Structure formats: C-alpha cells, structure tokens
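File shown: entry.cif (mmCIF, C-alpha atoms and all ligand atoms).
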```cif
data_upload
#
loop_
_atom_site.group_PDB
_atom_site.id
_atom_site.type_symbol
_atom_site.label_atom_id
_atom_site.label_comp_id
_atom_site.auth_asym_id
_atom_site.auth_seq_id
_atom_site.Cartn_x
_atom_site.Cartn_y
_atom_site.Cartn_z
ATOM 1 C CA MET A 30 -44.424 16.447 -6.368
ATOM 2 C CA SER A 31 -40.691 16.402 -6.026
ATOM 3 C CA GLU A 32 -38.782 18.858 -3.862
ATOM 4 C CA LYS A 33 -36.940 21.711 -5.512
ATOM 5 C CA LYS A 34 -33.969 20.555 -7.585
ATOM 6 C CA MET A 35 -30.515 21.367 -6.236
ATOM 7 C CA PHE A 36 -27.428 22.182 -8.248
ATOM 8 C CA PHE A 37 -24.033 22.542 -6.609
ATOM 9 C CA VAL A 38 -20.628 23.348 -8.049
ATOM 10 C CA PRO A 39 -17.983 22.985 -5.326
ATOM 11 C CA ASP A 40 -15.395 25.260 -6.964
ATOM 12 C CA GLU A 41 -18.046 27.671 -8.315
ATOM 13 C CA CYS A 42 -16.827 27.202 -11.901
ATOM 14 C CA GLU A 43 -19.186 29.041 -14.234
ATOM 15 C CA GLU A 44 -19.123 26.344 -16.895
ATOM 16 C CA PRO A 45 -19.181 23.039 -14.989
ATOM 17 C CA PHE A 46 -20.865 20.974 -17.709
ATOM 18 C CA SER A 47 -18.392 21.014 -20.585
ATOM 19 C CA ARG A 48 -15.440 19.950 -18.409
ATOM 20 C CA THR A 49 -17.220 16.789 -17.248
ATOM 21 C CA THR A 50 -15.639 13.571 -18.545
ATOM 22 C CA HIS A 51 -17.036 11.077 -16.026
ATOM 23 C CA LEU A 52 -20.675 11.192 -14.923
ATOM 24 C CA ALA A 53 -22.504 9.123 -12.308
ATOM 25 C CA ILE A 54 -26.270 8.688 -12.484
ATOM 26 C CA ALA A 55 -27.377 7.372 -9.103
ATOM 27 C CA ALA A 56 -30.561 6.827 -7.169
ATOM 28 C CA HIS A 57 -29.794 8.056 -3.651
ATOM 29 C CA GLN A 58 -27.379 10.217 -1.737
ATOM 30 C CA ASP A 59 -24.271 8.085 -0.998
ATOM 31 C CA ASP A 60 -24.799 5.684 -3.932
ATOM 32 C CA VAL A 61 -22.367 7.712 -6.034
ATOM 33 C CA GLU A 62 -19.559 7.296 -3.522
ATOM 34 C CA ILE A 63 -20.254 3.563 -3.188
ATOM 35 C CA MET A 64 -20.616 2.664 -6.856
ATOM 36 C CA ALA A 65 -18.673 5.263 -8.842
ATOM 37 C CA TYR A 66 -15.650 5.674 -6.591
ATOM 38 C CA HIS A 67 -13.441 4.696 -9.534
ATOM 39 C CA GLY A 68 -14.674 7.718 -11.497
ATOM 40 C CA ILE A 69 -14.060 10.025 -8.542
ATOM 41 C CA LEU A 70 -10.472 8.751 -8.255
ATOM 42 C CA GLU A 71 -9.839 8.979 -12.003
ATOM 43 C CA CYS A 72 -10.600 12.685 -11.910
ATOM 44 C CA PHE A 73 -9.439 13.745 -8.452
ATOM 45 C CA GLY A 74 -6.930 16.572 -8.609
ATOM 46 C CA ARG A 75 -6.839 16.500 -12.409
ATOM 47 C CA LYS A 76 -7.285 19.490 -14.663
ATOM 48 C CA ASP A 77 -8.205 17.488 -17.760
ATOM 49 C CA LYS A 78 -10.792 15.138 -16.224
ATOM 50 C CA TRP A 79 -13.833 15.996 -14.124
ATOM 51 C CA PHE A 80 -16.248 13.752 -12.296
ATOM 52 C CA SER A 81 -19.835 14.943 -11.891
ATOM 53 C CA ALA A 82 -22.876 13.320 -10.354
ATOM 54 C CA ILE A 83 -26.636 13.149 -10.652
ATOM 55 C CA VAL A 84 -28.578 12.017 -7.567
ATOM 56 C CA THR A 85 -32.170 11.300 -8.484
ATOM 57 C CA ALA A 86 -34.048 10.721 -5.202
ATOM 58 C CA ASP A 87 -34.924 13.193 -2.477
ATOM 59 C CA GLY A 88 -33.701 10.874 0.284
ATOM 60 C CA ALA A 89 -36.868 11.200 2.335
ATOM 61 C CA GLY A 90 -37.586 7.584 3.078
ATOM 62 C CA SER A 91 -34.325 6.429 4.628
ATOM 63 C CA PRO A 92 -34.370 4.457 7.889
ATOM 64 C CA ARG A 93 -33.212 6.423 10.935
ATOM 65 C CA THR A 94 -32.051 5.998 14.481
ATOM 66 C CA GLY A 95 -29.849 7.763 17.071
ATOM 67 C CA ILE A 96 -29.779 11.545 16.743
ATOM 68 C CA TYR A 97 -31.818 11.205 13.562
ATOM 69 C CA ALA A 98 -34.625 9.131 15.096
ATOM 70 C CA ASP A 99 -36.977 12.076 15.512
ATOM 71 C CA TYR A 100 -36.213 13.761 12.204
ATOM 72 C CA THR A 101 -39.166 14.437 9.962
ATOM 73 C CA ASN A 102 -38.907 13.533 6.296
ATOM 74 C CA GLU A 103 -38.207 17.178 5.503
ATOM 75 C CA GLU A 104 -35.405 17.408 8.055
ATOM 76 C CA MET A 105 -33.965 14.172 6.715
ATOM 77 C CA ILE A 106 -34.023 15.533 3.176
ATOM 78 C CA ARG A 107 -32.067 18.592 4.336
ATOM 79 C CA VAL A 108 -29.457 16.460 6.125
ATOM 80 C CA ARG A 109 -28.985 14.245 3.113
ATOM 81 C CA ILE A 110 -28.568 17.213 0.778
ATOM 82 C CA LYS A 111 -25.928 18.598 3.120
ATOM 83 C CA GLU A 112 -24.079 15.290 3.262
ATOM 84 C CA GLN A 113 -24.103 14.876 -0.506
ATOM 85 C CA LYS A 114 -22.752 18.398 -0.961
ATOM 86 C CA LYS A 115 -19.955 17.649 1.511
ATOM 87 C CA ALA A 116 -19.040 14.558 -0.542
ATOM 88 C CA ALA A 117 -19.039 16.628 -3.741
ATOM 89 C CA TYR A 118 -16.650 19.050 -2.077
ATOM 90 C CA VAL A 119 -14.301 16.372 -0.715
ATOM 91 C CA GLY A 120 -14.366 14.447 -3.987
ATOM 92 C CA GLU A 121 -13.854 17.621 -6.079
ATOM 93 C CA TYR A 122 -16.868 16.982 -8.290
ATOM 94 C CA GLY A 123 -17.335 19.085 -11.403
ATOM 95 C CA PHE A 124 -20.986 19.517 -10.448
ATOM 96 C CA LEU A 125 -23.621 17.798 -8.379
ATOM 97 C CA SER A 126 -27.205 17.730 -9.608
ATOM 98 C CA MET A 127 -29.828 16.584 -7.137
ATOM 99 C CA LEU A 128 -33.128 16.015 -8.919
ATOM 100 C CA MET A 129 -35.207 15.386 -5.777
ATOM 101 C CA TYR A 130 -37.726 12.913 -7.131
ATOM 102 C CA THR A 131 -39.595 10.571 -4.812
ATOM 103 C CA SER A 132 -38.929 6.831 -4.944
ATOM 104 C CA ALA A 133 -42.436 6.312 -6.341
ATOM 105 C CA GLN A 134 -41.714 8.741 -9.177
ATOM 106 C CA ILE A 135 -38.423 7.026 -9.959
ATOM 107 C CA LYS A 136 -40.042 3.602 -10.061
ATOM 108 C CA GLY A 137 -43.081 4.878 -11.949
ATOM 109 C CA ASP A 138 -43.707 6.289 -15.381
ATOM 110 C CA THR A 139 -42.017 9.674 -15.021
ATOM 111 C CA PRO A 140 -40.685 10.903 -18.361
ATOM 112 C CA GLU A 141 -39.390 14.092 -16.694
ATOM 113 C CA ILE A 142 -36.601 12.054 -15.074
ATOM 114 C CA ILE A 143 -35.485 10.705 -18.450
ATOM 115 C CA GLU A 144 -35.637 14.237 -19.854
ATOM 116 C CA ASP A 145 -33.554 15.566 -16.948
ATOM 117 C CA TYR A 146 -30.910 12.885 -17.485
ATOM 118 C CA ALA A 147 -30.843 13.498 -21.243
ATOM 119 C CA ASP A 148 -30.572 17.249 -20.749
ATOM 120 C CA ILE A 149 -27.591 16.928 -18.386
ATOM 121 C CA ILE A 150 -25.850 14.349 -20.594
ATOM 122 C CA LYS A 151 -26.383 16.567 -23.641
ATOM 123 C CA LYS A 152 -24.822 19.531 -21.867
ATOM 124 C CA SER A 153 -21.916 17.653 -20.339
ATOM 125 C CA ARG A 154 -21.212 14.972 -22.977
ATOM 126 C CA PRO A 155 -19.275 12.658 -20.649
ATOM 127 C CA GLU A 156 -17.025 9.935 -22.026
ATOM 128 C CA PHE A 157 -17.889 7.548 -19.216
ATOM 129 C CA VAL A 158 -21.203 7.087 -17.414
ATOM 130 C CA TYR A 159 -21.599 5.084 -14.212
ATOM 131 C CA THR A 160 -25.039 3.956 -13.113
ATOM 132 C CA HIS A 161 -26.597 1.086 -11.152
ATOM 133 C CA ASN A 162 -26.342 -2.436 -12.488
ATOM 134 C CA LEU A 163 -29.416 -4.141 -13.866
ATOM 135 C CA CYS A 164 -29.261 -7.007 -11.348
ATOM 136 C CA ASP A 165 -29.288 -4.729 -8.306
ATOM 137 C CA LYS A 166 -31.509 -5.793 -5.423
ATOM 138 C CA HIS A 167 -33.033 -2.338 -4.882
ATOM 139 C CA PRO A 168 -35.958 -1.580 -7.232
ATOM 140 C CA THR A 169 -35.208 2.170 -7.201
ATOM 141 C CA HIS A 170 -31.659 1.467 -8.367
ATOM 142 C CA VAL A 171 -32.843 -0.714 -11.250
ATOM 143 C CA ALA A 172 -35.390 1.961 -12.204
ATOM 144 C CA VAL A 173 -32.617 4.570 -12.365
ATOM 145 C CA ALA A 174 -30.482 2.322 -14.577
ATOM 146 C CA LEU A 175 -33.410 1.690 -16.940
ATOM 147 C CA LYS A 176 -34.226 5.392 -17.171
ATOM 148 C CA ALA A 177 -30.560 6.240 -17.745
ATOM 149 C CA ILE A 178 -30.478 3.774 -20.659
ATOM 150 C CA LYS A 179 -33.681 5.301 -22.046
ATOM 151 C CA ALA A 180 -32.202 8.790 -21.775
ATOM 152 C CA LEU A 181 -29.042 7.713 -23.589
ATOM 153 C CA ARG A 182 -31.014 5.937 -26.293
ATOM 154 C CA ALA A 183 -33.033 9.127 -26.824
ATOM 155 C CA LEU A 184 -29.860 11.014 -27.712
ATOM 156 C CA PRO A 185 -28.124 10.974 -31.088
ATOM 157 C CA LYS A 186 -25.222 8.518 -31.127
ATOM 158 C CA GLU A 187 -22.574 11.261 -31.243
ATOM 159 C CA LEU A 188 -23.752 12.594 -27.872
ATOM 160 C CA ARG A 189 -23.557 9.218 -26.120
ATOM 161 C CA PRO A 190 -20.646 8.208 -23.896
ATOM 162 C CA LYS A 191 -17.940 5.754 -24.946
ATOM 163 C CA LYS A 192 -18.790 3.507 -22.027
ATOM 164 C CA LEU A 193 -21.772 2.864 -19.774
ATOM 165 C CA TYR A 194 -21.060 0.970 -16.579
ATOM 166 C CA GLY A 195 -23.604 -0.720 -14.272
ATOM 167 C CA CYS A 196 -21.985 -0.663 -10.830
ATOM 168 C CA GLU A 197 -22.265 -2.454 -7.496
ATOM 169 C CA VAL A 198 -24.364 -1.269 -4.556
ATOM 170 C CA TRP A 199 -27.069 -3.737 -3.528
ATOM 171 C CA LYS A 200 -25.760 -7.141 -4.687
ATOM 172 C CA ASN A 201 -22.209 -7.366 -5.908
ATOM 173 C CA LEU A 202 -21.105 -8.518 -9.339
ATOM 174 C CA ASP A 203 -18.596 -11.164 -8.367
ATOM 175 C CA TRP A 204 -20.730 -13.754 -10.176
ATOM 176 C CA LEU A 205 -20.295 -12.167 -13.592
ATOM 177 C CA ASP A 206 -18.063 -14.069 -16.004
ATOM 178 C CA ASP A 207 -14.481 -12.790 -15.613
ATOM 179 C CA VAL A 208 -14.187 -11.882 -19.268
ATOM 180 C CA LYS A 209 -17.406 -9.880 -19.040
ATOM 181 C CA LYS A 210 -16.893 -7.975 -15.826
ATOM 182 C CA VAL A 211 -15.292 -4.575 -15.806
ATOM 183 C CA LYS A 212 -12.678 -4.395 -13.063
ATOM 184 C CA PHE A 213 -12.012 -1.012 -11.519
ATOM 185 C CA VAL A 214 -8.825 -0.876 -9.489
ATOM 186 C CA CYS A 215 -9.353 1.790 -6.820
ATOM 187 C CA ASP A 216 -5.917 1.945 -5.177
ATOM 188 C CA GLU A 217 -5.131 5.622 -5.692
ATOM 189 C CA HIS A 218 -5.786 8.103 -2.873
ATOM 190 C CA LEU A 219 -6.735 5.361 -0.394
ATOM 191 C CA ASN A 220 -7.070 8.154 2.153
ATOM 192 C CA LEU A 221 -10.176 9.381 0.311
ATOM 193 C CA GLU A 222 -12.089 6.124 0.655
ATOM 194 C CA ARG A 223 -13.125 6.574 4.270
ATOM 195 C CA ALA A 224 -13.303 10.347 3.905
ATOM 196 C CA LEU A 225 -15.993 9.994 1.245
ATOM 197 C CA LEU A 226 -17.968 7.106 2.702
ATOM 198 C CA GLY A 227 -17.835 8.426 6.264
ATOM 199 C CA ILE A 228 -19.565 11.671 5.331
ATOM 200 C CA PHE A 229 -22.968 10.003 5.204
ATOM 201 C CA ASP A 230 -23.487 9.981 8.942
ATOM 202 C CA SER A 231 -27.274 9.959 8.738
ATOM 203 C CA GLN A 232 -27.086 6.589 6.980
ATOM 204 C CA ILE A 233 -24.226 5.082 8.973
ATOM 205 C CA THR A 234 -25.159 6.275 12.462
ATOM 206 C CA GLY A 235 -28.680 5.790 11.199
ATOM 207 C CA GLY A 236 -28.083 2.067 11.410
ATOM 208 C CA LYS A 237 -26.159 0.831 8.388
ATOM 209 C CA ARG A 238 -22.348 0.488 8.235
ATOM 210 C CA TYR A 239 -22.139 1.257 4.535
ATOM 211 C CA ASP A 240 -18.652 2.656 5.084
ATOM 212 C CA LEU A 241 -17.224 -0.628 6.379
ATOM 213 C CA ALA A 242 -19.317 -2.787 4.076
ATOM 214 C CA THR A 243 -18.218 -0.925 0.959
ATOM 215 C CA GLU A 244 -14.552 -0.892 1.872
ATOM 216 C CA GLY A 245 -14.839 -4.575 2.829
ATOM 217 C CA ARG A 246 -16.397 -5.470 -0.509
ATOM 218 C CA ARG A 247 -13.636 -3.716 -2.418
ATOM 219 C CA ILE A 248 -10.976 -5.516 -0.361
ATOM 220 C CA ALA A 249 -12.773 -8.845 -0.831
ATOM 221 C CA ASN A 250 -13.026 -8.297 -4.584
ATOM 222 C CA ALA A 251 -9.302 -7.528 -4.760
ATOM 223 C CA THR A 252 -8.409 -10.829 -3.080
ATOM 224 C CA TYR A 253 -11.110 -13.115 -4.472
ATOM 225 C CA SER A 254 -10.909 -11.963 -8.076
ATOM 226 C CA GLU A 255 -8.100 -14.351 -8.984
ATOM 227 C CA SER A 256 -7.937 -17.845 -7.521
ATOM 228 C CA HIS A 257 -4.563 -18.776 -9.026
ATOM 229 C CA GLY A 258 -2.549 -15.645 -8.469
ATOM 230 C CA VAL A 259 -1.399 -13.299 -5.751
ATOM 231 C CA ASP A 260 -3.246 -10.048 -5.086
ATOM 232 C CA THR A 261 -2.376 -7.373 -7.585
ATOM 233 C CA CYS A 262 -4.377 -4.535 -6.050
ATOM 234 C CA LEU A 263 -5.826 -3.437 -2.731
ATOM 235 C CA ARG A 264 -9.300 -2.295 -3.742
ATOM 236 C CA LEU A 265 -11.395 -3.570 -6.624
ATOM 237 C CA SER A 266 -14.898 -2.663 -7.770
ATOM 238 C CA TYR A 267 -16.848 -4.470 -10.445
ATOM 239 C CA ALA A 268 -19.236 -3.241 -13.082
ATOM 240 C CA MET A 269 -21.430 -4.775 -15.730
ATOM 241 C CA ASP A 270 -20.556 -3.278 -19.107
ATOM 242 C CA LEU A 271 -23.860 -1.850 -20.327
ATOM 243 C CA THR A 272 -22.335 -0.183 -23.385
ATOM 244 C CA PRO A 273 -23.842 -2.693 -25.881
ATOM 245 C CA LEU A 274 -27.295 -1.435 -24.825
ATOM 246 C CA ILE A 275 -26.517 2.100 -25.969
ATOM 247 C CA GLU A 276 -24.750 0.993 -29.129
ATOM 248 C CA ASP A 277 -27.703 -1.058 -30.307
ATOM 249 C CA ASP A 278 -31.054 0.542 -29.444
ATOM 250 C CA ALA A 279 -32.937 -2.556 -30.544
ATOM 251 C CA MET A 280 -31.131 -4.807 -28.085
ATOM 252 C CA ASP A 281 -33.607 -6.191 -25.548
ATOM 253 C CA ILE A 282 -32.535 -5.270 -22.010
ATOM 254 C CA ARG A 283 -34.029 -8.359 -20.359
ATOM 255 C CA GLU A 284 -32.388 -10.672 -22.901
ATOM 256 C CA PHE A 285 -29.073 -8.901 -22.374
ATOM 257 C CA VAL A 286 -29.245 -9.528 -18.632
ATOM 258 C CA ALA A 287 -30.549 -13.071 -19.089
ATOM 259 C CA GLY A 288 -27.469 -13.805 -21.236
ATOM 260 C CA HIS A 289 -25.193 -12.898 -18.313
ATOM 261 C CA ILE A 290 -27.224 -15.036 -15.924
ATOM 262 C CA ASP A 291 -27.140 -17.968 -18.379
ATOM 263 C CA ASP A 292 -23.344 -17.713 -18.585
ATOM 264 C CA PHE A 293 -23.159 -17.926 -14.799
ATOM 265 C CA LYS A 294 -25.574 -20.830 -14.693
ATOM 266 C CA ASN A 295 -23.685 -22.742 -17.373
ATOM 267 C CA GLN A 296 -20.326 -22.220 -15.682
ATOM 268 C CA VAL A 297 -21.648 -23.462 -12.351
ATOM 269 C CA LEU A 298 -23.338 -26.493 -13.902
ATOM 270 C CA GLN A 299 -20.249 -27.351 -15.964
ATOM 271 C CA LYS A 300 -18.133 -27.661 -12.816
ATOM 272 C CA LEU A 301 -20.725 -30.013 -11.368
ATOM 273 C CA MET A 302 -20.614 -32.362 -14.352
ATOM 274 C CA ARG A 303 -19.371 -35.864 -13.747
ATOM 275 C CA ASP A 304 -17.732 -38.423 -16.105
HETATM 276 ZN ZN ZN B 1 -29.399 3.724 -3.101
#
```

How would this structure read if it were set down as structure tokens?
Amino acid sequence: MSEKKMFFVPDECEEPFSRTTHLAIAAHQDDVEIMAYHGILECFGRKDKWFSAIVTADGAGSPRTGIYADYTNEEMIRVRIKEQKKAAYVGEYGFLSMLMYTSAQIKGDTPEIIEDYADIIKKSRPEFVYTHNLCDKHPTHVAVALKAIKALRALPKELRPKKLYGCEVWKNLDWLDDVKKVKFVCDEHLNLERALLGIFDSQITGGKRYDLATEGRRIANATYSESHGVDTCLRLSYAMDLTPLIEDDAMDIREFVAGHIDDFKNQVLQKLMRD
C-alpha cells in the first residue's frame, strides 16, 4: 500500500496542468533538483513556461543520521514531503505531484504507476520531459524511466512530448558519445543552485553531500566536456536523448542502450589500436 498521494501548487493556480511545458518524472525527493535543474531554470520567473514535477517514491527507506537518526519511516516520509514542497516553492514549480509508492512497487509490476504518469502527462501535455537515464546505477531510477517510457508509449502520438531526456543522478553520462549527449548549460540563476539542493537537509545532514556532489559534477562537466577548447560555461548537465524510444514504439529499449554502450566501447578500443 502506498501512502496518500500529495499534490501541491506553490502559487495556488487553479489550472496548474495546462501551463506546464517542462515536466520531470523522478523516483525520489531531491532527484528532480539534481537531474532536471535545467528545466527548472528554463522556466524560472517566466510566464510562458512552467516546470512541474512528479516524485514517485514515498521516501521511507532513506539512510539517516544526526537529528534524523531516530526518525521512524513515517516521520521520515513527512520530512521528505516537506522538503520537496519547499523545493517546489523555491523553484516556482507549476505543480508538484507526489505519488507515494514504495520502492518495491516502483521496481515491481505496478500498472497504477504507469497510469498515474499517463494521466498527468495527458492533462499537462508538456513539450519536454526529464526522467532518469537508462544506465543509472539505482534500480528504482531505472524502473521509473522504464515506466515513464511505457506511459508515453501508451499515449497517442499527439499527446507525447517533443523531447524525452534521461538525466544524470547515480552515474554520470560523460561517457556518452559527444554527438549523442544532450548538453544542458545551467548558468542562469546560479544563486538558485545551492538554494534548491540545500533544502534536502534530511539527505545531506543524513550523511550524503548531494549538494556539493551535484554542483561539483556540473562544474566538472563544464570543464571536461571539451578537451581542445576553453570553458564556455560554468555548469553543465548531461542527458541521454530518449526521444527515439517514444517516436518508435517498436524500438527495443535494451538494444537502444546497448548501441550507446557499443559506441563507447568502439571509441575506447579505437584509441588503443596500434599500427
Ligand atoms: Zn533517487
């Protein structure tokens, strides 16, 4: 059984769905701010673009220490809901939908999750969707990405977004072929970066410096993206373009990913060739 779903509209707009142009579909609280920061920045302060987010998990199973060490799962769930709502407020999200499924439900055969995604996408019809990438290290993240693809494939083509991005959280995407990786420059509103990541105190004080690690990855990407040129941006995030998978429903997901891995393998082996 999942906890009760939560729906939050920071500015209390009565019609938060139709204004949404950018939508993140994430596993846990704080994943949105790590992986879809580009979408948040694209829409921040704009009247014509709105970023909204779906968080699928209830957040019960996170590791804890410090002031959170004695928290029960239920108390932890409440803290994580509060933190995610704070982020939605700071980031001026169009809406925040927290579906409150358990990790086991997300990883298992739970058609309700796919239906929930499809329902929200149908109502909001975003142009851009950000989800986890298919090579992520965290099984719950990969399960969310697979269910998001299923939800999109279940919709008629005219309701699907223009672009579907698989973003970085656990494992980065530096290894993707340069011509295949989507590069998100995240230089606007640099002041918001720490404001958004720092909100998730239960995770950071709880023992993981996601705030520093995420900022560090973006800085590293900005510098290491181009070996023969000077830095052209301060913060860079990568994504795997998953759009082909929602343009062609027959395309095999494993083969699609294997193609990217083969490209990487071939490039590495080519540099090691002699004579
Ligand atoms: Zn996560």

- Item | Environment of ligand ZN 1 (chain B) within 10 Å, counting all atoms listed in the file, reported as a list of chain:residue names |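 Sorted by chain and then by number, the residues are A:Ala55, A:Ala56, A:His57, A:Gln58, A:Asp59, A:Asp60, A:Val61, A:Ile63, A:Met64, A:Val84, A:Thr85, A:Ala86, A:Gly88, A:Ser91, A:His161, A:Asp165, A:His167, A:Pro168, A:Thr169, A:His170, A:Val171, A:Val173, A:Val198, A:Trp199.
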
- Interatomic distance, atom CA of Lys176 of chain A to atom CA of Tyr194 of chain A (Å, one decimal): 13.9 Å

- Query: Between A:Met35, A:Leu163, A:Ala279, A:Val259, which one has atoms that come closest to Leu193 of chain A, using only C-alpha atoms?
  - Reply: A:Leu163

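The set of residues that the PyMOL selection byres (((chain A and resi 143) around 7) and not hetatm) takes from this file is A:Pro140, A:Glu141, A:Ile142, A:Glu144, A:Asp145, A:Tyr146, A:Ala147, A:Lys176, A:Ala177, A:Lys179, A:Ala180.
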
- Just say which residues the PyMOL selection byres (((chain A and resi 239-241) around 12) and not hetatm) picks in this file, as a ChimeraX atom specification. /A:59-60,62-64,198-199,221-238,242-249

- Query: So what does the PyMOL selection byres (((chain A and resi 153) around 9) and not hetatm) actually pick up in this one, as a ChimeraX atom specification?
  - Reply: /A:45-50,52,148-152,154-155

Contact residues around Val297 of chain A with all atoms listed in the file at 12 Å, ignoring same-chain residues under 5 positions, as a compact mmCIF listing (two decimals) with C-alpha atoms, keeping the file's coordinate frame:
```txt
# COMPACT_ATOMS: atom_id res chain seq x y z
CA TRP A 204 -20.73 -13.75 -10.18
CA LEU A 205 -20.30 -12.17 -13.59
CA ASP A 206 -18.06 -14.07 -16.00
CA ILE A 290 -27.22 -15.04 -15.92
CA ASP A 291 -27.14 -17.97 -18.38
CA ASP A 292 -23.34 -17.71 -18.58
CA MET A 302 -20.61 -32.36 -14.35
```

- Item | Counting all atoms listed in the file, the option among A:Lys114, A:Thr160, A:Ile83, A:Ile54 closest to Asp40 of chain A |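 Closest residue, counting all atoms listed in the file: A:Lys114.
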
- Message: So that I can see what lies close to Gly90 of chain A, please list as a list of chain:residue names the residues with an atom at most 10 Å from it, counting all atoms listed in the file and leaving out residues fewer than 6 positions away in the same chain.
- Response: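 That gives A:Thr101, A:Asn102, A:Glu103, A:Met105, A:Ile106, A:Thr131, A:Ser132.
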
Keeping C-alpha atoms for every residue in the selection just given, could you write it to a file as an mmCIF file, in the coordinates of the input?
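After the write, result.cif holds the following:
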```cif
data_model
loop_
_atom_site.group_PDB
_atom_site.id
_atom_site.type_symbol
_atom_site.label_atom_id
_atom_site.label_comp_id
_atom_site.auth_asym_id
_atom_site.auth_seq_id
_atom_site.Cartn_x
_atom_site.Cartn_y
_atom_site.Cartn_z
ATOM 1 C CA THR A 101 -39.166 14.437 9.962
ATOM 2 C CA ASN A 102 -38.907 13.533 6.296
ATOM 3 C CA GLU A 103 -38.207 17.178 5.503
ATOM 4 C CA MET A 105 -33.965 14.172 6.715
ATOM 5 C CA ILE A 106 -34.023 15.533 3.176
ATOM 6 C CA THR A 131 -39.595 10.571 -4.812
ATOM 7 C CA SER A 132 -38.929 6.831 -4.944
#
```

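When only C-alpha atoms are used to measure the gap to Arg109 of chain A, the shortest distance among A:Gly123, A:Cys196, A:Lys294, A:Arg93 belongs to A:Arg93.
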
- From the list A:Thr94, A:Asn295, A:Thr272, A:Ser126, which residue is nearest Lys192 of chain A when using all atoms listed in the file?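 When distances to Lys192 of chain A are compared using all atoms listed in the file, the smallest one comes from A:Thr272.
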
Reconstruct N, CA and C atoms of segment 134-155 of chain A from the incomplete input and present them as an mmCIF file, keeping the file's coordinate frame.
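Just written: selection-v4.cif:
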```cif
data_model
loop_
_atom_site.group_PDB
_atom_site.id
_atom_site.type_symbol
_atom_site.label_atom_id
_atom_site.label_comp_id
_atom_site.auth_asym_id
_atom_site.auth_seq_id
_atom_site.Cartn_x
_atom_site.Cartn_y
_atom_site.Cartn_z
ATOM 1 N N GLN A 134 -41.887 8.135 -7.853
ATOM 2 C CA GLN A 134 -41.714 8.741 -9.177
ATOM 3 C C GLN A 134 -40.615 8.031 -9.967
ATOM 4 N N ILE A 135 -39.548 7.685 -9.267
ATOM 5 C CA ILE A 135 -38.423 7.026 -9.959
ATOM 6 C C ILE A 135 -38.859 5.657 -10.476
ATOM 7 N N LYS A 136 -39.615 4.947 -9.658
ATOM 8 C CA LYS A 136 -40.042 3.602 -10.061
ATOM 9 C C LYS A 136 -41.215 3.642 -11.054
ATOM 10 N N GLY A 137 -41.895 4.772 -11.094
ATOM 11 C CA GLY A 137 -43.081 4.878 -11.949
ATOM 12 C C GLY A 137 -42.769 5.426 -13.330
ATOM 13 N N ASP A 138 -43.839 5.748 -14.031
ATOM 14 C CA ASP A 138 -43.707 6.289 -15.381
ATOM 15 C C ASP A 138 -43.531 7.807 -15.270
ATOM 16 N N THR A 139 -42.300 8.248 -15.218
ATOM 17 C CA THR A 139 -42.017 9.674 -15.021
ATOM 18 C C THR A 139 -41.046 10.152 -16.104
ATOM 19 N N PRO A 140 -41.585 10.523 -17.255
ATOM 20 C CA PRO A 140 -40.685 10.903 -18.361
ATOM 21 C C PRO A 140 -39.791 12.093 -18.030
ATOM 22 N N GLU A 141 -40.214 12.924 -17.059
ATOM 23 C CA GLU A 141 -39.390 14.092 -16.694
ATOM 24 C C GLU A 141 -37.995 13.672 -16.235
ATOM 25 N N ILE A 142 -37.912 12.514 -15.567
ATOM 26 C CA ILE A 142 -36.601 12.054 -15.074
ATOM 27 C C ILE A 142 -35.695 11.740 -16.270
ATOM 28 N N ILE A 143 -36.265 11.055 -17.252
ATOM 29 C CA ILE A 143 -35.485 10.705 -18.450
ATOM 30 C C ILE A 143 -35.054 11.991 -19.167
ATOM 31 N N GLU A 144 -35.968 12.952 -19.216
ATOM 32 C CA GLU A 144 -35.637 14.237 -19.854
ATOM 33 C C GLU A 144 -34.525 14.960 -19.093
ATOM 34 N N ASP A 145 -34.604 14.920 -17.757
ATOM 35 C CA ASP A 145 -33.554 15.566 -16.948
ATOM 36 C C ASP A 145 -32.196 14.911 -17.209
ATOM 37 N N TYR A 146 -32.175 13.591 -17.211
ATOM 38 C CA TYR A 146 -30.910 12.885 -17.485
ATOM 39 C C TYR A 146 -30.383 13.291 -18.867
ATOM 40 N N ALA A 147 -31.276 13.221 -19.867
ATOM 41 C CA ALA A 147 -30.843 13.498 -21.243
ATOM 42 C C ALA A 147 -30.312 14.928 -21.364
ATOM 43 N N ASP A 148 -30.982 15.844 -20.695
ATOM 44 C CA ASP A 148 -30.572 17.249 -20.749
ATOM 45 C C ASP A 148 -29.155 17.427 -20.173
ATOM 46 N N ILE A 149 -28.908 16.798 -19.040
ATOM 47 C CA ILE A 149 -27.591 16.928 -18.386
ATOM 48 C C ILE A 149 -26.508 16.232 -19.226
ATOM 49 N N ILE A 150 -26.836 15.069 -19.773
ATOM 50 C CA ILE A 150 -25.850 14.349 -20.594
ATOM 51 C C ILE A 150 -25.527 15.164 -21.851
ATOM 52 N N LYS A 151 -26.568 15.751 -22.437
ATOM 53 C CA LYS A 151 -26.383 16.567 -23.641
ATOM 54 C C LYS A 151 -25.451 17.744 -23.366
ATOM 55 N N LYS A 152 -25.639 18.363 -22.205
ATOM 56 C CA LYS A 152 -24.822 19.531 -21.867
ATOM 57 C C LYS A 152 -23.397 19.137 -21.494
ATOM 58 N N SER A 153 -23.247 17.990 -20.855
ATOM 59 C CA SER A 153 -21.916 17.653 -20.339
ATOM 60 C C SER A 153 -21.148 16.678 -21.230
ATOM 61 N N ARG A 154 -21.831 15.917 -22.042
ATOM 62 C CA ARG A 154 -21.212 14.972 -22.977
ATOM 63 C C ARG A 154 -20.061 14.176 -22.361
ATOM 64 N N PRO A 155 -20.344 13.434 -21.306
ATOM 65 C CA PRO A 155 -19.275 12.658 -20.649
ATOM 66 C C PRO A 155 -18.800 11.503 -21.532
#
```
